>>> print(open('model20.cif').read())   # mmCIF, C-alpha atoms
data_work
loop_
_atom_site.label_atom_id
_atom_site.label_comp_id
_atom_site.auth_asym_id
_atom_site.auth_seq_id
_atom_site.Cartn_x
_atom_site.Cartn_y
_atom_site.Cartn_z
CA MET H 1 206.99 -160.77 86.13
CA VAL H 2 210.71 -160.82 85.38
CA ARG H 3 210.12 -159.10 82.06
CA LEU H 4 207.89 -156.53 83.73
CA ALA H 5 210.59 -155.84 86.29
CA ARG H 6 213.12 -155.33 83.52
CA LEU H 7 210.78 -152.97 81.76
CA ALA H 8 210.23 -151.00 84.96
CA ALA H 9 213.98 -150.75 85.51
CA LEU H 10 214.47 -149.62 81.94
CA MET H 11 211.77 -146.98 82.25
CA ALA H 12 213.43 -145.71 85.40
CA LEU H 13 216.45 -144.53 83.44
CA PRO H 14 217.08 -140.76 83.57
CA VAL H 15 215.25 -140.02 80.33
CA ALA H 16 212.19 -138.25 81.65
CA SER H 17 211.43 -136.01 78.68
CA LEU H 18 210.99 -136.41 74.96
CA ALA H 19 214.03 -134.28 74.36
CA GLN H 20 216.10 -136.71 76.42
CA PHE H 21 214.66 -139.61 74.45
CA GLY H 22 215.70 -137.85 71.28
CA ALA H 23 219.17 -137.26 72.68
CA LEU H 24 219.38 -140.94 73.51
CA GLN H 25 218.46 -141.82 69.95
CA ASP H 26 221.03 -139.36 68.58
CA MET H 27 223.73 -141.09 70.59
CA GLY H 28 223.32 -144.03 68.30
CA ASN H 29 221.14 -147.04 67.86
CA SER H 30 223.63 -149.34 69.55
CA VAL H 31 222.07 -148.86 73.00
CA ALA H 32 218.56 -149.38 71.68
CA ARG H 33 219.70 -152.47 69.78
CA LYS H 34 221.17 -154.02 72.93
CA VAL H 35 218.02 -153.26 74.91
CA LEU H 36 215.72 -154.76 72.28
CA MET H 37 217.83 -157.90 71.95
CA SER H 38 218.37 -158.48 75.69
CA VAL H 39 215.00 -157.43 77.09
CA PHE H 40 212.63 -158.28 74.26
CA ARG H 41 214.67 -161.20 72.86
CA MET H 42 214.47 -159.91 69.28
CA ASN H 43 216.67 -161.02 66.42
CA GLU H 44 218.66 -158.73 64.12
CA THR H 45 215.93 -158.53 61.47
CA GLN H 46 213.26 -157.45 63.95
CA VAL H 47 215.60 -154.90 65.55
CA GLU H 48 216.52 -153.36 62.21
CA ARG H 49 212.84 -153.09 61.26
CA ILE H 50 212.02 -151.26 64.51
CA LEU H 51 215.00 -148.92 64.42
CA GLU H 52 214.47 -148.04 60.78
CA THR H 53 213.49 -144.36 60.67
CA ASN H 54 214.00 -143.42 57.03
CA THR H 55 210.92 -144.72 55.21
CA THR H 56 211.17 -142.29 52.26
CA LEU H 57 211.46 -143.91 48.87
CA PRO H 58 214.10 -142.74 46.40
CA THR H 59 212.72 -140.06 44.11
CA HIS H 60 211.29 -141.25 40.84
CA PRO H 61 211.51 -139.20 37.63
CA TYR H 62 207.98 -140.09 36.51
CA ALA H 63 206.13 -140.65 39.81
CA VAL H 64 205.51 -137.82 42.30
CA ASP H 65 205.62 -138.48 46.04
CA LEU H 66 202.56 -137.01 47.77
CA THR H 67 202.91 -135.52 51.26
CA ASP H 68 200.64 -133.77 53.73
CA LYS H 69 202.00 -130.47 52.48
CA ASN H 70 202.01 -130.84 48.69
CA TRP H 71 199.17 -133.23 47.83
CA GLU H 72 196.63 -130.52 46.99
CA ALA H 73 198.98 -128.62 44.67
CA VAL H 74 200.34 -131.76 43.00
CA LEU H 75 196.95 -133.33 42.27
CA ARG H 76 195.57 -130.03 40.98
CA THR H 77 198.53 -128.68 38.96
CA GLY H 78 200.93 -131.61 38.64
CA THR H 79 203.66 -129.60 40.44
CA ASP H 80 204.49 -128.41 43.94
CA ASN H 81 203.56 -124.86 42.93
CA PRO H 82 199.89 -124.13 43.75
CA LEU H 83 200.00 -121.06 41.42
CA GLU H 84 200.52 -123.15 38.31
CA ASN H 85 197.70 -123.68 35.86
CA PRO H 86 195.44 -126.56 36.80
CA LEU H 87 195.56 -129.84 34.93
CA PRO H 88 192.87 -130.70 32.34
CA ASP H 89 189.65 -132.15 33.64
CA ASP H 90 190.29 -135.50 31.96
CA THR H 91 193.49 -136.08 33.99
CA VAL H 92 193.73 -139.52 35.55
CA TRP H 93 195.88 -140.00 38.64
CA ALA H 94 197.22 -143.45 39.48
CA VAL H 95 198.25 -143.23 43.13
CA LEU H 96 199.91 -146.15 44.91
CA VAL H 97 199.37 -146.07 48.68
CA HIS H 98 202.07 -148.21 50.26
CA ALA H 99 203.70 -149.08 53.57
CA GLN H 100 206.85 -150.98 54.61
CA ASP H 101 205.53 -154.54 54.45
CA GLN H 102 206.72 -157.05 51.87
CA ILE H 103 203.57 -156.88 49.72
CA SER H 104 203.86 -153.10 49.56
CA LYS H 105 207.47 -153.41 48.45
CA LEU H 106 206.39 -155.67 45.60
CA PHE H 107 203.75 -153.16 44.53
CA VAL H 108 206.20 -150.26 44.75
CA GLU H 109 208.70 -152.09 42.57
CA ALA H 110 206.06 -152.98 39.97
CA PHE H 111 204.57 -149.46 40.05
CA ASN H 112 207.99 -147.91 39.50
CA GLU H 113 208.57 -150.16 36.50
CA VAL H 114 205.23 -149.17 34.98
CA ALA H 115 206.03 -145.47 35.45
CA THR H 116 209.49 -145.99 33.99
CA HIS H 117 208.64 -148.11 30.96
CA ASN H 118 204.94 -147.54 30.22
CA SER H 119 204.15 -143.93 31.13
CA SER H 120 203.74 -141.35 28.40
CA ALA H 121 206.36 -139.12 30.01
CA SER H 122 208.96 -141.88 29.64
CA GLY H 123 207.95 -142.61 26.04
CA GLY H 124 205.65 -145.50 26.87
CA SER H 125 202.32 -146.49 25.37
CA LEU H 126 199.99 -145.29 28.14
CA PRO H 127 197.80 -142.22 27.46
CA PRO H 128 199.41 -138.86 28.28
CA ASN H 129 196.62 -137.89 30.67
CA ILE H 130 197.61 -140.65 33.14
CA LYS H 131 199.83 -139.34 35.92
CA PHE H 132 201.69 -141.38 38.53
CA ALA H 133 202.04 -140.63 42.24
CA ARG H 134 203.07 -142.50 45.39
CA LEU H 135 201.72 -142.03 48.92
CA ASN H 136 203.47 -143.34 52.02
CA TYR H 137 200.83 -144.63 54.42
CA GLY H 138 203.25 -144.67 57.36
CA SER H 139 204.39 -141.05 57.17
CA GLU H 140 201.52 -139.16 55.49
CA THR H 141 198.15 -138.80 57.18
CA ILE H 142 195.83 -136.22 55.63
CA LEU H 143 195.12 -137.81 52.26
CA THR H 144 194.92 -141.37 53.63
CA THR H 145 192.35 -140.15 56.16
CA ARG H 146 190.40 -138.17 53.57
CA TRP H 147 190.25 -141.32 51.45
CA TRP H 148 189.42 -143.38 54.56
CA LEU H 149 192.17 -145.94 53.93
CA TRP H 150 192.98 -148.37 56.74
CA LYS H 151 194.68 -151.19 54.87
CA VAL H 152 197.45 -151.02 52.28
CA PRO H 153 198.76 -151.49 49.65
CA VAL H 154 196.06 -149.93 47.49
CA LEU H 155 196.14 -148.59 43.95
CA VAL H 156 193.83 -145.58 43.69
CA ILE H 157 192.65 -144.35 40.30
CA SER H 158 191.39 -140.79 40.73
CA THR H 159 189.35 -138.89 38.12
CA LYS H 160 187.03 -135.87 37.93
CA ASN H 161 189.41 -133.73 40.05
CA GLN H 162 189.57 -136.38 42.82
CA ARG H 163 185.80 -136.63 43.07
CA HIS H 164 185.68 -140.15 41.61
CA LEU H 165 187.90 -142.65 43.42
CA ARG H 166 188.36 -146.31 42.54
CA PHE H 167 190.31 -148.58 44.90
CA PHE H 168 192.17 -151.69 43.74
CA LYS H 169 193.23 -153.59 46.85
CA GLN H 170 195.57 -156.44 47.53
CA GLY H 171 194.11 -159.62 46.05
CA GLN H 172 192.25 -157.72 43.33
CA LEU H 173 195.39 -156.71 41.45
CA PRO H 174 198.62 -158.75 41.20
CA PRO H 175 201.75 -156.85 42.34
CA PHE H 176 203.52 -157.09 38.97
CA GLN H 177 204.26 -154.69 36.15
CA ILE H 178 202.25 -156.34 33.36
CA PRO H 179 198.87 -156.56 35.19
CA ILE H 180 199.16 -152.95 36.44
CA ALA H 181 200.13 -151.62 32.99
CA ARG H 182 197.32 -153.61 31.37
CA LEU H 183 194.77 -152.23 33.83
CA LEU H 184 195.80 -148.63 33.19
CA SER H 185 195.84 -149.12 29.41
CA GLU H 186 192.31 -150.56 29.30
CA ARG H 187 190.15 -147.60 30.25
CA GLU H 188 186.88 -149.49 29.87
CA THR H 189 188.12 -152.00 32.46
CA TRP H 190 188.91 -149.64 35.30
CA GLU H 191 186.02 -147.30 34.44
CA ASN H 192 183.61 -150.17 35.12
CA TRP H 193 185.12 -150.62 38.56
CA PRO H 194 182.82 -149.33 41.36
CA ILE H 195 183.37 -145.72 42.42
CA TRP H 196 183.63 -145.11 46.15
CA THR H 197 180.25 -143.95 47.39
CA GLY H 198 178.80 -143.34 50.82
CA SER H 199 178.40 -140.63 53.41
CA LEU H 200 182.18 -140.15 53.78
CA ALA H 201 182.98 -140.33 50.07
CA PRO H 202 183.46 -137.21 47.93
CA GLY H 203 180.04 -135.59 47.62
CA GLY H 204 178.69 -137.50 50.62
CA SER H 205 176.69 -135.95 53.43
CA ARG H 206 179.52 -136.42 55.96
CA GLU H 207 182.50 -135.69 53.77
CA TRP H 208 183.09 -132.46 55.69
CA MET H 209 183.78 -134.45 58.86
CA LEU H 210 186.95 -135.99 57.44
CA ILE H 211 188.59 -132.60 56.89
CA PRO H 212 189.10 -131.64 60.59
CA ILE H 213 189.69 -135.29 61.52
CA ALA H 214 192.51 -135.50 59.00
CA GLU H 215 194.05 -132.23 60.20
CA TYR H 216 194.01 -133.21 63.88
CA TRP H 217 195.25 -136.70 63.13
CA ALA H 218 198.15 -135.27 61.11
CA LEU H 219 199.06 -133.00 64.03
CA PHE H 220 198.98 -135.92 66.45
CA HIS H 221 201.03 -138.07 64.09
CA SER H 222 203.68 -135.36 63.71
CA LYS H 223 204.08 -135.14 67.49
CA MET H 224 204.19 -138.88 68.02
CA SER H 225 206.71 -139.38 65.21
CA LYS H 226 209.30 -137.50 67.28
CA ILE H 227 209.29 -140.27 69.88
CA PRO H 228 211.72 -143.09 69.07
CA ASN H 229 210.10 -146.36 68.04
CA PHE H 230 211.73 -148.43 70.78
CA VAL H 231 210.33 -146.07 73.44
CA LEU H 232 206.81 -146.56 72.09
CA LEU H 233 207.46 -150.30 72.09
CA MET H 234 208.46 -150.21 75.76
CA LEU H 235 205.39 -148.19 76.68
CA SER H 236 203.13 -150.59 74.81
CA GLY H 237 204.76 -153.52 76.66
CA VAL H 238 204.09 -151.93 80.04
CA LEU H 239 200.52 -151.17 79.04
CA MET H 240 199.89 -154.72 77.82
CA ASN H 241 201.28 -156.19 81.07
CA PHE H 242 198.92 -153.96 83.03
CA VAL H 243 195.91 -154.90 80.88
CA LEU H 244 196.66 -158.62 81.04
CA GLY H 245 197.11 -158.44 84.80
CA TRP H 246 193.80 -156.65 85.15
CA PHE H 247 192.00 -159.27 83.06
CA HIS H 248 193.47 -162.12 85.13
CA THR H 249 192.61 -160.63 88.51
CA GLU H 250 190.15 -162.85 90.39
CA LYS H 251 187.14 -161.21 91.94
CA PRO H 252 186.73 -161.68 95.74
CA LYS H 253 184.29 -164.44 96.59
CA GLN H 254 181.09 -163.22 98.17
CA ALA H 255 179.73 -164.78 101.34
CA THR H 256 176.97 -167.33 100.74
CA MET H 257 175.20 -166.74 104.07
CA ASN H 258 172.27 -164.37 104.04
CA PRO H 259 172.78 -161.30 106.17
CA VAL H 260 170.76 -161.20 109.40
CA THR H 261 168.81 -158.05 110.08
CA PRO H 262 168.46 -156.67 113.65
CA ASN H 263 164.72 -157.45 113.70
CA GLU H 264 165.28 -161.08 112.77
CA GLU H 265 167.98 -161.41 115.38
CA ARG H 266 165.66 -159.97 118.05
CA ARG H 267 162.85 -162.34 117.10
CA ALA H 268 165.21 -165.30 117.27
CA GLN H 269 166.28 -164.26 120.80
CA ILE H 270 162.64 -163.94 121.92
CA LYS H 271 161.77 -167.38 120.51
CA ALA H 272 164.78 -168.94 122.23
CA LYS H 273 163.77 -167.33 125.56
CA ILE H 274 160.15 -168.56 125.26
CA ALA H 275 161.30 -172.08 124.43
CA LYS H 276 163.62 -172.06 127.44
CA GLU H 277 160.82 -170.94 129.78
CA LYS H 278 158.49 -173.64 128.47
CA ALA H 279 161.14 -176.26 129.00
CA GLU H 280 161.75 -175.14 132.59
CA ALA H 281 158.00 -175.05 133.38
CA SER H 282 157.48 -178.52 131.93
CA GLY H 283 160.27 -180.00 134.01
CA LEU H 284 158.96 -178.44 137.28
CA GLY H 285 155.40 -179.79 136.81
CA THR H 286 156.65 -183.31 136.24
CA SER H 287 158.58 -183.43 139.53
CA THR H 288 155.73 -182.11 141.83
CA SER H 289 152.46 -183.49 140.52
CA ALA H 290 153.31 -186.77 138.89
CA PRO H 291 150.85 -189.55 140.04
CA THR H 292 152.22 -192.53 142.02
CA LYS H 293 151.42 -196.07 141.05
CA ASP H 294 150.52 -198.85 143.44
CA VAL H 295 153.60 -200.78 144.21
CA PRO H 296 153.02 -204.17 145.72
CA SER H 297 154.63 -204.53 149.08
CA VAL H 298 156.28 -207.73 150.05
CA GLU H 299 155.60 -209.31 153.45
CA GLY H 300 158.69 -209.49 155.43
CA SER H 301 159.90 -212.06 157.83
CA SER H 302 158.05 -210.39 160.77
CA GLY H 303 154.65 -211.18 159.21
CA VAL H 304 153.75 -207.67 158.05
CA LYS H 305 150.91 -207.82 155.54
CA THR H 306 151.10 -206.13 152.23
CA ARG H 307 148.64 -203.50 151.02
CA THR H 308 147.19 -205.91 148.52
CA ALA H 309 146.60 -208.57 151.02
CA SER H 310 144.80 -206.18 153.41
CA LYS H 311 142.69 -205.01 150.56
CA ARG H 312 141.45 -208.46 149.85
CA LYS H 313 140.22 -208.87 153.36
#
>>> encode(input="model20.cif", output="structure tokens")
Amino acid sequence: MVRLARLAALMALPVASLAQFGALQDMGNSVARKVLMSVFRMNETQVERILETNTTLPTHPYAVDLTDKNWEAVLRTGTDNPLENPLPDDTVWAVLVHAQDQISKLFVEAFNEVATHNSSASGGSLPPNIKFARLNYGSETILTTRWWLWKVPVLVISTKNQRHLRFFKQGQLPPFQIPIARLLSERETWENWPIWTGSLAPGGSREWMLIPIAEYWALFHSKMSKIPNFVLLMLSGVLMNFVLGWFHTEKPKQATMNPVTPNEERRAQIKAKIAKEKAEASGLGTSTSAPTKDVPSVEGSSGVKTRTASKRK
């Protein structure tokens, strides 16, 4: 309850609009850092992770960064210009979908090394038709939704103009340079990997559904990304306190006695009245008509004879 009170007091600050929240964030992260450390009892590492806003990787000379705006042009032409000539049909795209977790960072580092030392563009031994690209799961939405990705990191090998997709997930591929380079160099190995199939996959009966879903989700994500992270954290804390309180609320105990209807109450009154009248009538008959027993009389000192004695004579 104390934490909830602190959250309520914090939410009562004069920051009623998103623009004011943004102004508060522009004033510096020092205020947010103090709030997160005092109210939520977070350490420096957790605070830095929450307040981190720049999730863009440094540009790579041999790996293109895909975004919601350029992914179609890049995967089709290899450049940001959609008017360029399309790539050959045998082009193979190796796309690393990553986030900000530690495993993703290992994959990003290994993927960058493969693109730097093994790609054909850098003078490496990989075939020239293999292209490298990176996709940030935390900031880009359309392509991750179209590919129906919900867990990262994932290495996606795309062929046939993005109609054949193969997913190599965490645990199936070690996050190191040599295993990734070996996989890409052995075409027969990754070609034997299962292609994504199903109703939502490319060519599936419900593939069309993912197009508007991805567009709307990207719009929602762009709006929500303008809200500072610590504000969303506070709102989630208030919501969780409300949900937990609702789950722990005890239901009122119901009465165990059966309700009495008016008819039953009337019948009970009539029965009680009849029983009372019977009791009164029974008592009256006992006092007026009860038979008397012969009681032997005792002869007194004056010589009066008893009823029994007279009877004998």
>>> residues_around(input="model20.cif", residues="range 201-203 of chain H", least_positions_apart="6", cutoff="12 Å", atoms="all atoms listed in the file", output="number ranges by chain")
H: 145-149, 158-166, 195, 209-211
>>> residues_around(input="model20.cif", residues="Pro174 in chain H", least_positions_apart="3", cutoff="12 Å", atoms="all atoms listed in the file", output="list in words")
Ile103, Ser104, Leu106, Phe107, Val108, Ala110, Phe111, Pro153, Val154, Leu155, Phe168, Lys169, Gln170, Gly171, Gln177, Ile178, Pro179, Ile180, Ala181, Arg182 and Leu183 of chain H
>>> atom_distance(input="model20.cif", atom1="CA of Pro82 in chain H", atom2="CA of Asp65 in chain H")
15.6 Å
>>> atom_distance(input="model20.cif", atom1="CA of Ser120 in chain H", atom2="CA of Pro86 in chain H")
18.9 Å
>>> residues_around(input="model20.cif", residues="Leu75 in chain H", least_positions_apart="4", cutoff="10 Å", atoms="only C-alpha atoms", output="PyMOL selection string")
chain H and resi 64+66+70-71+79-80+82+86-87+91-93+131+133+158+161-162
>>> resolve_selection(input="model20.cif", expression="the PyMOL selection byres ((chain H and resi 60) around 12)", output="ChimeraX atom specification")
/H:56-59,61-66,108-109,111-116,122,132-134
>>> atom_distance(input="model20.cif", atom1="CA of Ser205 in chain H", atom2="CA of Arg76 in chain H")
23.4 Å
>>> axis_aligned_box(input="model20.cif", around="range 205-223 of chain H", padding_each_side="4 Å", output="AutoDock Vina command-line options")
--center_x 190.4 --center_y -134.9 --center_z 60.5 --size_x 35.4 --size_y 14.4 --size_z 22.1
>>> closest_residue(input="model20.cif", among="H:Phe220, H:Ile270, H:Leu173, H:Val152", to="Gln100 in chain H", atoms="all atoms listed in the file")
H:Val152
